[in-house]
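Peer 1: For reference, the file entry.cif (mmCIF, C-alpha atoms) is included below:
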```
data_upload
#
loop_
_atom_site.label_atom_id
_atom_site.label_comp_id
_atom_site.auth_asym_id
_atom_site.auth_seq_id
_atom_site.Cartn_x
_atom_site.Cartn_y
_atom_site.Cartn_z
CA MET T 1 -4.58 -20.73 45.34
CA LYS T 2 -2.89 -22.28 42.34
CA LYS T 3 -1.08 -19.97 39.96
CA TYR T 4 -0.45 -19.98 36.23
CA THR T 5 2.83 -21.61 35.14
CA LYS T 6 5.89 -19.37 34.94
CA THR T 7 5.90 -19.85 31.16
CA ALA T 8 2.26 -18.74 30.90
CA MET T 9 3.05 -15.65 33.01
CA PHE T 10 6.07 -14.88 30.86
CA PHE T 11 3.99 -15.02 27.68
CA HIS T 12 1.12 -13.04 29.21
CA TRP T 13 3.22 -10.12 30.46
CA LEU T 14 5.65 -9.97 27.55
CA ILE T 15 2.85 -9.99 25.00
CA ALA T 16 0.85 -7.48 27.07
CA LEU T 17 3.77 -5.04 27.12
CA MET T 18 4.43 -5.52 23.43
CA ILE T 19 0.79 -4.95 22.55
CA ILE T 20 0.61 -1.74 24.61
CA ALA T 21 3.81 -0.46 22.96
CA THR T 22 2.86 -1.48 19.41
CA PHE T 23 -0.67 -0.11 19.78
CA SER T 24 0.58 3.28 21.03
CA PHE T 25 3.31 3.33 18.40
CA GLY T 26 0.70 2.69 15.71
CA LEU T 27 -1.37 5.66 16.84
CA ILE T 28 1.71 7.91 16.92
CA MET T 29 3.11 6.90 13.54
CA VAL T 30 -0.11 7.38 11.57
CA ASP T 31 -0.31 10.92 12.93
CA MET T 32 3.15 11.86 11.64
CA PRO T 33 2.76 14.36 8.80
CA GLY T 34 3.86 13.59 5.23
CA ILE T 35 6.16 10.77 4.21
CA THR T 36 9.55 10.87 5.87
CA PRO T 37 12.31 8.28 6.36
CA THR T 38 11.54 8.28 10.10
CA LYS T 39 7.87 7.60 9.45
CA LEU T 40 8.66 4.72 7.08
CA ARG T 41 11.12 3.31 9.60
CA PHE T 42 8.41 3.45 12.29
CA TYR T 43 5.99 1.64 9.98
CA SER T 44 8.53 -1.12 9.47
CA TRP T 45 9.18 -1.42 13.21
CA HIS T 46 5.45 -1.52 13.89
CA LYS T 47 5.10 -4.39 11.39
CA TRP T 48 8.03 -6.29 12.90
CA ALA T 49 6.49 -5.87 16.37
CA GLY T 50 3.16 -7.14 15.03
CA ILE T 51 4.79 -10.24 13.54
CA THR T 52 6.62 -10.84 16.83
CA ILE T 53 3.35 -10.60 18.78
CA LEU T 54 1.71 -13.02 16.36
CA GLY T 55 4.59 -15.51 16.69
CA LEU T 56 4.65 -15.27 20.50
CA THR T 57 0.88 -15.69 20.65
CA CYS T 58 1.12 -18.88 18.55
CA LEU T 59 3.66 -20.26 21.05
CA ARG T 60 1.53 -19.06 23.94
CA LEU T 61 -1.56 -20.76 22.57
CA LEU T 62 0.37 -24.01 22.09
CA TRP T 63 1.49 -23.82 25.72
CA ARG T 64 -2.04 -22.98 26.87
CA LEU T 65 -3.50 -25.98 24.99
CA GLY T 66 -1.08 -28.27 26.82
CA HIS T 67 -1.55 -26.75 30.28
CA THR T 68 -4.86 -26.32 32.09
CA PRO T 69 -4.98 -22.88 33.74
CA PRO T 70 -5.61 -22.68 37.50
CA GLU T 71 -9.23 -22.80 38.64
CA TYR T 72 -11.30 -19.69 39.25
CA PRO T 73 -12.21 -19.17 42.94
CA SER T 74 -14.86 -21.71 43.97
CA ASN T 75 -17.27 -19.04 45.21
CA MET T 76 -17.31 -17.29 41.80
CA PRO T 77 -20.75 -17.52 40.16
CA ALA T 78 -20.95 -19.69 37.04
CA TRP T 79 -22.00 -16.81 34.79
CA LYS T 80 -18.90 -14.83 35.80
CA LYS T 81 -16.65 -17.80 35.08
CA TYR T 82 -18.35 -18.14 31.73
CA ALA T 83 -18.03 -14.40 30.99
CA ALA T 84 -14.33 -14.47 31.91
CA SER T 85 -13.68 -17.43 29.61
CA VAL T 86 -15.55 -15.79 26.74
CA LEU T 87 -13.54 -12.61 27.19
CA HIS T 88 -10.28 -14.61 27.22
CA VAL T 89 -11.20 -16.40 23.98
CA PHE T 90 -12.21 -13.06 22.45
CA LEU T 91 -8.86 -11.50 23.46
CA TYR T 92 -7.04 -14.40 21.78
CA VAL T 93 -9.10 -13.94 18.61
CA LEU T 94 -8.21 -10.23 18.54
CA VAL T 95 -4.53 -10.77 19.26
CA PHE T 96 -4.42 -13.13 16.27
CA GLY T 97 -6.73 -11.07 14.08
CA ILE T 98 -5.01 -7.70 14.54
CA PRO T 99 -1.53 -8.59 13.24
CA ILE T 100 -3.07 -10.64 10.42
CA SER T 101 -5.30 -7.71 9.37
CA GLY T 102 -2.29 -5.39 9.46
CA TYR T 103 -0.22 -7.86 7.46
CA LEU T 104 -2.92 -8.07 4.79
CA TYR T 105 -3.43 -4.30 4.81
CA SER T 106 0.27 -3.85 4.11
CA GLN T 107 0.21 -6.37 1.27
CA SER T 108 -2.95 -4.88 -0.24
CA SER T 109 -0.99 -1.60 -0.43
CA GLY T 110 1.71 -3.39 -2.43
CA ILE T 111 4.13 -3.41 0.49
CA PRO T 112 5.16 -6.90 1.57
CA VAL T 113 6.73 -7.36 5.01
CA THR T 114 10.41 -8.15 5.49
CA TYR T 115 10.70 -9.25 9.11
CA LEU T 116 13.50 -7.33 10.91
CA GLY T 117 14.59 -6.14 7.47
CA ILE T 118 16.06 -9.62 6.87
CA PHE T 119 13.38 -12.25 6.34
CA PRO T 120 10.89 -11.69 3.53
CA MET T 121 7.47 -12.87 4.75
CA PRO T 122 5.22 -14.79 2.36
CA VAL T 123 3.13 -12.67 0.03
CA ILE T 124 -0.39 -14.05 0.23
CA MET T 125 -2.16 -11.15 -1.41
CA ASP T 126 -1.52 -9.04 -4.49
CA PRO T 127 -1.81 -5.25 -4.30
CA ASN T 128 -5.53 -4.58 -4.09
CA PRO T 129 -6.74 -0.96 -4.11
CA GLU T 130 -10.37 -2.06 -3.48
CA LEU T 131 -9.61 -4.11 -0.36
CA LYS T 132 -6.96 -1.70 0.95
CA PRO T 133 -9.36 0.79 2.63
CA LEU T 134 -11.46 -2.09 4.00
CA LEU T 135 -8.44 -3.78 5.57
CA LYS T 136 -7.25 -0.46 6.95
CA ASN T 137 -10.62 0.02 8.64
CA LEU T 138 -10.66 -3.58 9.83
CA HIS T 139 -7.22 -3.16 11.43
CA TYR T 140 -8.42 0.01 13.17
CA VAL T 141 -11.77 -1.38 14.34
CA LEU T 142 -10.17 -4.57 15.67
CA ASN T 143 -7.67 -2.45 17.59
CA MET T 144 -10.38 -0.31 19.12
CA THR T 145 -12.29 -3.48 20.04
CA LEU T 146 -9.10 -4.74 21.65
CA LEU T 147 -8.81 -1.50 23.61
CA ALA T 148 -12.35 -1.97 24.94
CA SER T 149 -11.83 -5.69 25.73
CA PHE T 150 -8.47 -4.98 27.32
CA SER T 151 -10.04 -2.31 29.55
CA LEU T 152 -12.73 -4.78 30.61
CA HIS T 153 -10.04 -7.41 31.31
CA VAL T 154 -8.00 -4.99 33.46
CA LEU T 155 -11.04 -3.64 35.31
CA ALA T 156 -12.24 -7.16 36.07
CA ALA T 157 -8.79 -8.17 37.34
CA LEU T 158 -8.63 -5.07 39.56
CA LYS T 159 -12.15 -5.71 40.87
CA HIS T 160 -11.13 -9.27 41.82
CA GLN T 161 -8.03 -7.95 43.52
CA PHE T 162 -9.36 -4.94 45.40
CA ILE T 163 -13.10 -5.41 45.79
CA ASP T 164 -13.71 -9.18 45.79
CA ARG T 165 -10.24 -9.87 47.26
CA ASP T 166 -10.50 -13.45 45.95
CA GLY T 167 -6.92 -13.89 44.69
CA THR T 168 -7.98 -14.30 41.04
CA MET T 169 -5.47 -11.73 39.81
CA LYS T 170 -2.65 -13.15 41.89
CA ARG T 171 -2.74 -16.28 39.74
CA MET T 172 -1.03 -14.25 37.00
CA ILE T 173 1.38 -12.33 39.27
CA PRO T 174 4.82 -13.97 39.54
CA MET C 1 1.42 6.92 -79.07
CA LYS C 2 -1.06 4.67 -77.40
CA THR C 3 1.63 2.16 -76.44
CA LEU C 4 3.78 4.94 -75.06
CA PHE C 5 0.91 6.14 -72.89
CA LYS C 6 0.28 2.60 -71.77
CA ASN C 7 3.95 2.16 -70.96
CA LYS C 8 3.95 5.39 -69.01
CA THR C 9 0.97 4.27 -66.99
CA ILE C 10 2.58 0.94 -66.26
CA THR C 11 5.87 2.63 -65.37
CA ALA C 12 4.06 5.00 -63.04
CA LEU C 13 2.20 2.13 -61.49
CA PHE C 14 5.39 0.19 -60.89
CA PHE C 15 7.00 3.27 -59.45
CA LEU C 16 4.07 3.75 -57.10
CA ILE C 17 4.21 0.13 -55.94
CA ALA C 18 7.96 0.36 -55.42
CA VAL C 19 7.64 3.55 -53.37
CA THR C 20 4.85 2.07 -51.28
CA ALA C 21 6.85 -1.08 -50.66
CA ILE C 22 9.94 0.85 -49.62
CA SER C 23 8.03 3.20 -47.39
CA LEU C 24 6.21 0.26 -45.80
CA ALA C 25 9.51 -1.47 -45.09
CA HIS C 26 10.83 1.69 -43.51
CA ALA C 27 7.64 2.77 -41.80
CA ALA C 28 8.48 3.72 -38.26
CA LEU C 29 7.08 1.12 -35.91
CA THR C 30 4.12 2.42 -33.97
CA PHE C 31 4.52 2.35 -30.21
CA ASP C 32 1.69 0.68 -28.32
CA PRO C 33 1.25 2.62 -25.07
CA LYS C 34 -1.45 0.23 -23.81
CA LYS C 35 0.68 -2.89 -23.95
CA SER C 36 4.02 -1.32 -23.06
CA THR C 37 5.11 -0.92 -19.47
CA VAL C 38 7.99 0.67 -17.62
CA THR C 39 8.22 -0.31 -13.97
CA ILE C 40 10.80 0.12 -11.26
CA THR C 41 11.62 -1.97 -8.22
CA ALA C 42 13.32 -0.40 -5.23
CA LYS C 43 14.03 -1.79 -1.80
CA GLN C 44 12.87 0.09 1.25
CA MET C 45 14.36 -1.47 4.40
CA ASN C 46 14.70 -4.65 2.31
CA VAL C 47 11.05 -4.51 1.35
CA PRO C 48 10.73 -4.76 -2.42
CA MET C 49 8.44 -2.05 -3.73
CA SER C 50 7.25 -1.69 -7.29
CA ALA C 51 5.97 1.33 -9.13
CA LYS C 52 5.13 2.07 -12.70
CA PHE C 53 5.17 4.97 -15.11
CA ASN C 54 1.73 5.29 -16.66
CA LYS C 55 2.81 7.59 -19.50
CA VAL C 56 5.68 6.42 -21.64
CA ASN C 57 6.47 7.01 -25.28
CA ALA C 58 9.05 5.21 -27.37
CA THR C 59 10.29 5.47 -30.92
CA ILE C 60 11.97 2.37 -32.17
CA ASP C 61 13.55 1.84 -35.54
CA TYR C 62 14.14 -1.86 -35.81
CA ASN C 63 14.83 -4.15 -38.73
CA PRO C 64 15.22 -7.83 -37.82
CA LYS C 65 17.65 -8.24 -40.70
CA THR C 66 19.98 -5.55 -39.42
CA PRO C 67 19.52 -5.47 -35.63
CA GLU C 68 22.78 -3.52 -35.22
CA THR C 69 21.11 -0.51 -36.84
CA THR C 70 18.30 -0.46 -34.26
CA LYS C 71 17.60 2.97 -32.87
CA ALA C 72 15.55 3.62 -29.81
CA SER C 73 14.47 6.58 -27.82
CA VAL C 74 12.18 6.48 -24.82
CA ASP C 75 10.41 9.36 -23.11
CA ILE C 76 9.05 8.86 -19.64
CA ASP C 77 6.58 11.27 -18.10
CA ILE C 78 7.78 11.56 -14.51
CA ASN C 79 4.43 12.91 -13.34
CA SER C 80 2.84 9.61 -14.36
CA PHE C 81 4.82 7.75 -11.68
CA ASP C 82 2.52 5.55 -9.62
CA LEU C 83 3.51 3.85 -6.37
CA GLY C 84 -0.09 2.90 -5.67
CA ASP C 85 -0.73 5.55 -3.03
CA PRO C 86 -1.50 9.23 -3.70
CA GLU C 87 0.44 10.43 -0.66
CA TYR C 88 3.55 8.49 -1.67
CA ASN C 89 3.22 9.66 -5.27
CA LYS C 90 3.15 13.26 -4.10
CA GLU C 91 6.30 12.77 -2.04
CA VAL C 92 8.18 11.04 -4.86
CA LEU C 93 7.47 13.90 -7.30
CA ALA C 94 8.78 16.44 -4.81
CA LYS C 95 12.15 18.16 -4.93
CA ASP C 96 14.18 15.59 -2.98
CA TRP C 97 13.09 12.75 -5.23
CA PHE C 98 12.28 13.36 -8.91
CA ASN C 99 11.72 17.12 -8.73
CA ALA C 100 9.09 16.65 -11.43
CA ALA C 101 8.31 20.36 -11.58
CA GLN C 102 11.79 21.10 -12.90
CA PHE C 103 12.53 17.75 -14.59
CA PRO C 104 9.23 16.43 -15.95
CA LYS C 105 10.85 13.89 -18.26
CA ALA C 106 13.31 11.03 -18.07
CA THR C 107 14.74 9.88 -21.38
CA PHE C 108 16.76 7.12 -22.91
CA VAL C 109 18.42 7.60 -26.29
CA SER C 110 20.36 4.74 -27.81
CA THR C 111 23.82 5.34 -29.20
CA SER C 112 24.59 1.84 -30.51
CA MET C 113 23.35 -1.72 -30.50
CA LYS C 114 25.33 -4.92 -30.37
CA PRO C 115 23.51 -8.09 -31.42
CA THR C 116 24.55 -10.90 -29.04
CA ALA C 117 22.37 -13.78 -30.21
CA ASP C 118 19.31 -14.39 -32.28
CA GLY C 119 16.66 -12.04 -30.90
CA LYS C 120 19.04 -10.61 -28.33
CA LEU C 121 21.13 -7.50 -28.28
CA THR C 122 22.93 -5.20 -25.94
CA ALA C 123 21.72 -1.62 -26.07
CA PHE C 124 24.09 1.24 -25.33
CA GLY C 125 22.80 4.70 -24.75
CA LYS C 126 22.30 7.73 -22.60
CA LEU C 127 19.88 7.70 -19.72
CA THR C 128 18.75 11.04 -18.36
CA ILE C 129 16.90 11.32 -15.07
CA LYS C 130 16.45 14.52 -13.09
CA GLY C 131 18.67 16.39 -15.55
CA LYS C 132 21.61 14.05 -15.06
CA THR C 133 22.84 11.91 -17.93
CA ALA C 134 24.73 8.65 -17.63
CA ASP C 135 25.98 6.09 -20.15
CA VAL C 136 24.17 2.82 -19.68
CA SER C 137 24.07 -0.55 -21.37
CA PHE C 138 21.66 -3.41 -20.87
CA PRO C 139 20.53 -6.60 -22.58
CA VAL C 140 17.32 -6.57 -24.61
CA ILE C 141 15.30 -9.59 -25.70
CA ILE C 142 13.30 -9.17 -28.87
CA LYS C 143 10.25 -11.29 -29.63
CA LYS C 144 7.90 -11.22 -32.56
CA GLU C 145 4.29 -12.11 -32.10
CA ALA C 146 1.78 -11.81 -34.93
CA ASN C 147 2.27 -8.24 -36.18
CA SER C 148 3.82 -6.80 -33.04
CA THR C 149 7.40 -6.82 -31.81
CA MET C 150 8.25 -6.83 -28.12
CA PHE C 151 11.41 -5.51 -26.52
CA ASP C 152 12.02 -6.72 -22.97
CA GLY C 153 14.77 -5.99 -20.54
CA SER C 154 15.81 -4.55 -17.25
CA LEU C 155 18.55 -2.27 -16.18
CA PRO C 156 19.80 -1.72 -12.66
CA ILE C 157 20.77 1.85 -11.86
CA HIS C 158 22.04 3.69 -8.82
CA ARG C 159 19.46 6.27 -7.80
CA LEU C 160 22.02 8.47 -6.04
CA ALA C 161 23.97 8.89 -9.30
CA PHE C 162 20.89 10.76 -10.55
CA LYS C 163 20.30 12.50 -7.21
CA VAL C 164 16.96 10.74 -6.87
CA GLY C 165 16.41 10.88 -3.13
CA GLU C 166 18.31 13.80 -1.60
CA GLY C 167 18.58 15.07 1.94
CA ASP C 168 17.24 12.58 4.46
CA TRP C 169 16.29 10.27 1.59
CA ALA C 170 19.93 9.82 0.54
CA ASP C 171 20.15 7.32 3.41
CA THR C 172 20.55 3.95 1.65
CA SER C 173 19.69 2.03 4.81
CA MET C 174 16.17 3.35 4.24
CA VAL C 175 15.88 3.15 0.44
CA ALA C 176 18.61 1.11 -1.27
CA ASP C 177 20.79 2.81 -3.88
CA GLU C 178 20.11 0.17 -6.48
CA VAL C 179 16.85 0.49 -8.37
CA VAL C 180 15.91 -1.81 -11.22
CA ILE C 181 14.11 -0.36 -14.23
CA LYS C 182 12.14 -2.97 -16.10
CA PHE C 183 10.63 -2.35 -19.50
CA HIS C 184 8.33 -4.13 -21.89
CA VAL C 185 7.99 -2.11 -25.08
CA VAL C 186 5.52 -3.23 -27.74
CA VAL C 187 5.54 -1.82 -31.26
CA GLN C 188 3.45 -2.64 -34.30
#
```
Show the structure stored in the file as structure tokens.

Peer 2:
Amino acid sequence: MKKYTKTAMFFHWLIALMIIATFSFGLIMVDMPGITPTKLRFYSWHKWAGITILGLTCLRLLWRLGHTPPEYPSNMPAWKKYAASVLHVFLYVLVFGIPISGYLYSQSSGIPVTYLGIFPMPVIMDPNPELKPLLKNLHYVLNMTLLASFSLHVLAALKHQFIDRDGTMKRMIP
Amino acid sequence: MKTLFKNKTITALFFLIAVTAISLAHAALTFDPKKSTVTITAKQMNVPMSAKFNKVNATIDYNPKTPETTKASVDIDINSFDLGDPEYNKEVLAKDWFNAAQFPKATFVSTSMKPTADGKLTAFGKLTIKGKTADVSFPVIIKKEANSTMFDGSLPIHRLAFKVGEGDWADTSMVADEVVIKFHVVVQ
């Protein structure tokens, strides 16, 4: 069975690890009590990680648009192929939407983002106390939707590997 | 007798006009709290962050003909500091930062003024924040518009010189030492 390209695998696994780390980090940092230098530092790191994920995902999408992924197994029913494709598109939408919502949430709070503490990122939104709680919720809801979609993605991959034994998952294993 | 009375009335009238004119010329300019602003910009991990003081009062004695005699004093209510987030505001008023409970006011009192160009001068004075006083000087641009006069300027300070941000917050890799105070004072 044909596999994904090495570049596609690299993007997939690197971004996956970064998302898991940044997601967990986000949950930890918002639970830290009060305002402390450590907490602010964590917020900055979280934002830098988010920008990195967004940048890598742009590159990944460009690569994906130029390279057709390997076929699904021929015995896979059409509806399952369709469902898998829809889920993949949805995951892409979330992986773009989540850092963008976080970026806007930060700017609505009057805090622009300086990537790695060096590069000031463009300010596309003025401080906005009305939109701030909405963007905060949006960032959270999108993340929880990602958690659900990610779980579905992992469960489906594991089902292909251990129940269907059709080699679908192996296409993404180096 | 009648002429004397008349003269007296006229004299009194002239005197009254003169007094009114003088007092008008010397009337202290009224500070406009709605149009005036005092904001600060600080950098947190190179992220520029702005905040403003919502309650400020200033007394300015300014005569365009003798700008060197300008006198200014500014009172800033520390508890009116607004970073745009209640949790942050609470932290900044706490002991390590402004210690607003003990030092509720920051003040600036001018000591002298040096006109540098038309509508421009350098203000010298004493800035007190968190009970610590430092000599400061900064350029001021003066503009007249209709019946109000505007004083604009900014002055960079070092927060650690005033012990603003102690303990863990003294770390300048987190919040930079330099903070810029920007003011726009309108008087009528």

Peer 1: Output the residue selection produced by the PyMOL selection byres ((chain T) within 10 of (chain C)) on the file above, formatted as a PyMOL selection string.

Peer 2: chain T and resi 34-38+40-41+44+108-121+127-129

Peer 1: Give one line per residue of region 41-151 of chain T that approaches region 1-21 of chain T to at most 9 Å, naming the two atoms of the closest pair and their distance in Å to one decimal, counting only C-alpha atoms; sort by chain then ascending residue number and deliver it as a tab-separated table.

Peer 2:
```
residue	atom	partner	partner_atom	distance
T:Ala49	CA	T:Met18	CA	7.4
T:Gly50	CA	T:Ile19	CA	8.2
T:Thr52	CA	T:Met18	CA	8.8
T:Ile53	CA	T:Ile15	CA	6.3
T:Leu56	CA	T:Ile15	CA	7.2
T:Thr57	CA	T:Ile15	CA	7.4
T:Leu59	CA	T:Phe11	CA	8.5
T:Arg60	CA	T:Phe11	CA	6.0
T:Trp63	CA	T:Ala8	CA	7.3
T:Arg64	CA	T:Ala8	CA	7.3
T:His67	CA	T:Thr5	CA	8.3
T:Thr68	CA	T:Tyr4	CA	8.8
T:Pro69	CA	T:Tyr4	CA	5.9
T:Pro70	CA	T:Lys2	CA	5.6
T:Glu71	CA	T:Lys2	CA	7.4
T:Pro73	CA	T:Met1	CA	8.1
T:Val95	CA	T:Ile19	CA	8.5
```

Peer 1: Could you give me, as an mmCIF file with C-alpha atoms, keeping the file's coordinate frame, the residues within 10 Å of Met169 (chain T), counting all atoms listed in the file and dropping anything in the same chain fewer than 4 positions from it?

Peer 2:
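Now in selection-v4.cif:
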```cif
data_model
loop_
_atom_site.group_PDB
_atom_site.id
_atom_site.type_symbol
_atom_site.label_atom_id
_atom_site.label_comp_id
_atom_site.auth_asym_id
_atom_site.auth_seq_id
_atom_site.Cartn_x
_atom_site.Cartn_y
_atom_site.Cartn_z
ATOM 1 C CA LYS T 3 -1.080 -19.970 39.960
ATOM 2 C CA TYR T 72 -11.300 -19.690 39.250
ATOM 3 C CA VAL T 154 -8.000 -4.990 33.460
ATOM 4 C CA ALA T 156 -12.240 -7.160 36.070
ATOM 5 C CA ALA T 157 -8.790 -8.170 37.340
ATOM 6 C CA LEU T 158 -8.630 -5.070 39.560
ATOM 7 C CA LYS T 159 -12.150 -5.710 40.870
ATOM 8 C CA HIS T 160 -11.130 -9.270 41.820
ATOM 9 C CA GLN T 161 -8.030 -7.950 43.520
ATOM 10 C CA PHE T 162 -9.360 -4.940 45.400
ATOM 11 C CA ARG T 165 -10.240 -9.870 47.260
ATOM 12 C CA ILE T 173 1.380 -12.330 39.270
#
```

Peer 1: Leaving out Ser80 (chain C) and any residue of its chain fewer than 4 positions from it, which residues lie within 9 Å of it when counting only C-alpha atoms, given as a list in words?

Peer 2: Lys52, Phe53, Asn54, Lys55, Val56 and Ile76 of chain C

Peer 1: Just say which residues the PyMOL selection byres ((chain C and resi 179) around 8) picks in this file, as a PyMOL selection string.

Peer 2: chain C and resi 40-43+156-159+176-178+180-181

Peer 1: Write the residues you've just listed into a file as a PDB file, in the coordinates of the input, and include C-alpha atoms for each of them.

Peer 2:
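See out-v1.pdb below for the written result:
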```pdb
ATOM      1  CA  ILE C  40      10.800   0.120 -11.260  1.00  0.00           C
ATOM      2  CA  THR C  41      11.620  -1.970  -8.220  1.00  0.00           C
ATOM      3  CA  ALA C  42      13.320  -0.400  -5.230  1.00  0.00           C
ATOM      4  CA  LYS C  43      14.030  -1.790  -1.800  1.00  0.00           C
ATOM      5  CA  PRO C 156      19.800  -1.720 -12.660  1.00  0.00           C
ATOM      6  CA  ILE C 157      20.770   1.850 -11.860  1.00  0.00           C
ATOM      7  CA  HIS C 158      22.040   3.690  -8.820  1.00  0.00           C
ATOM      8  CA  ARG C 159      19.460   6.270  -7.800  1.00  0.00           C
ATOM      9  CA  ALA C 176      18.610   1.110  -1.270  1.00  0.00           C
ATOM     10  CA  ASP C 177      20.790   2.810  -3.880  1.00  0.00           C
ATOM     11  CA  GLU C 178      20.110   0.170  -6.480  1.00  0.00           C
ATOM     12  CA  VAL C 180      15.910  -1.810 -11.220  1.00  0.00           C
ATOM     13  CA  ILE C 181      14.110  -0.360 -14.230  1.00  0.00           C
TER      14      ILE C 181
END
```

Peer 1: On this structure, which residues satisfy the PyMOL selection byres ((chain C and resi 58-60) around 10), written as a ChimeraX atom specification?

Peer 2: /C:28-33,36,56-57,61-63,70-76,107-110,151,185-187

Peer 1: Please return the centre and edge lengths, in Å to one decimal, of a box with edges along x, y and z that contains all listed atoms of region 2-11 of chain T, widened by 5 Å on every side, as AutoDock Vina command-line options.

Peer 2:
```
--center_x 1.6 --center_y -18.6 --center_z 35.0 --size_x 19.0 --size_y 17.4 --size_z 24.7
```

Peer 1: Which residues are near region 97-104 of chain C? Cut-off 9 Å, all atoms listed in the file, ignore same chain within fewer than 5 positions. Put them as a list of chain:residue names.

Peer 2: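 Surrounding residues, per the criterion: C:Ile76, C:Asp77, C:Ile78, C:Asn79, C:Glu91, C:Val92, C:Ile129, C:Lys130, C:Gly131, C:Lys163, C:Val164, C:Gly165, C:Glu166, C:Trp169.
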
Peer 1: Would you put the residues from that selection into a file with C-alpha atoms, as a CSV table (one decimal), in the frame of the given file?

Peer 2:
```csv
chain,number,residue,atom,x,y,z
C,76,ILE,CA,9.0,8.9,-19.6
C,77,ASP,CA,6.6,11.3,-18.1
C,78,ILE,CA,7.8,11.6,-14.5
C,79,ASN,CA,4.4,12.9,-13.3
C,91,GLU,CA,6.3,12.8,-2.0
C,92,VAL,CA,8.2,11.0,-4.9
C,129,ILE,CA,16.9,11.3,-15.1
C,130,LYS,CA,16.4,14.5,-13.1
C,131,GLY,CA,18.7,16.4,-15.6
C,163,LYS,CA,20.3,12.5,-7.2
C,164,VAL,CA,17.0,10.7,-6.9
C,165,GLY,CA,16.4,10.9,-3.1
C,166,GLU,CA,18.3,13.8,-1.6
C,169,TRP,CA,16.3,10.3,1.6
```

Peer 1: One decimal, in Å: what's the spacing between CA of Lys34 (chain C) and CA of Glu145 (chain C)?

Peer 2: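 Here the two named atoms are 15.9 Å from each other.
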
Peer 1: Please report the interatomic distance between CA of Ile163 (chain T) and CA of Val93 (chain T) in Å with one decimal.

Peer 2: 28.8 Å

Peer 1: What's around region 130-137 of chain T at 10 Å? Count all atoms listed in the file, leave out sequence neighbours fewer than 6 positions away in its own chain, and write the answer as a short mmCIF file (atom, residue, chain, number, x, y, z; two decimals) with C-alpha atoms, keeping the file's coordinate frame.

Peer 2:
```cif
data_model
loop_
_atom_site.label_atom_id
_atom_site.label_comp_id
_atom_site.auth_asym_id
_atom_site.auth_seq_id
_atom_site.Cartn_x
_atom_site.Cartn_y
_atom_site.Cartn_z
CA ILE T 100 -3.07 -10.64 10.42
CA SER T 101 -5.30 -7.71 9.37
CA GLY T 102 -2.29 -5.39 9.46
CA TYR T 103 -0.22 -7.86 7.46
CA LEU T 104 -2.92 -8.07 4.79
CA TYR T 105 -3.43 -4.30 4.81
CA SER T 106 0.27 -3.85 4.11
CA GLN T 107 0.21 -6.37 1.27
CA SER T 108 -2.95 -4.88 -0.24
CA SER T 109 -0.99 -1.60 -0.43
CA GLY T 110 1.71 -3.39 -2.43
CA ASN T 143 -7.67 -2.45 17.59
#
```

Peer 1: Go ahead and compute the interatomic distance for CA of Pro115 (chain C) and CA of Gln188 (chain C), in Å to one decimal.

Peer 2: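 Here the two named atoms are 21.0 Å from each other.
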
Peer 1: Out of C:Pro67, C:Phe124, C:Thr37, C:Thr111, which residue has the shortest atom-to-atom distance to Asp152 (chain C) when counting all atoms listed in the file?

Peer 2: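 Once distances to Asp152 (chain C) are computed over all atoms listed in the file, the minimum belongs to C:Thr37.
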
Peer 1: Could you pull the residues within 8 Å of Val140 (chain C), counting only C-alpha atoms, minus those fewer than 6 positions along the same chain, as a ChimeraX atom specification?

Peer 2: /C:120-123,151-154

Peer 1: Given the selection you just returned, output its residues as a file containing C-alpha atoms, formatted as a short mmCIF file (atom, residue, chain, number, x, y, z; two decimals), keeping the file's coordinate frame.

Peer 2:
```cif
data_model
loop_
_atom_site.label_atom_id
_atom_site.label_comp_id
_atom_site.auth_asym_id
_atom_site.auth_seq_id
_atom_site.Cartn_x
_atom_site.Cartn_y
_atom_site.Cartn_z
CA LYS C 120 19.04 -10.61 -28.33
CA LEU C 121 21.13 -7.50 -28.28
CA THR C 122 22.93 -5.20 -25.94
CA ALA C 123 21.72 -1.62 -26.07
CA PHE C 151 11.41 -5.51 -26.52
CA ASP C 152 12.02 -6.72 -22.97
CA GLY C 153 14.77 -5.99 -20.54
CA SER C 154 15.81 -4.55 -17.25
#
```
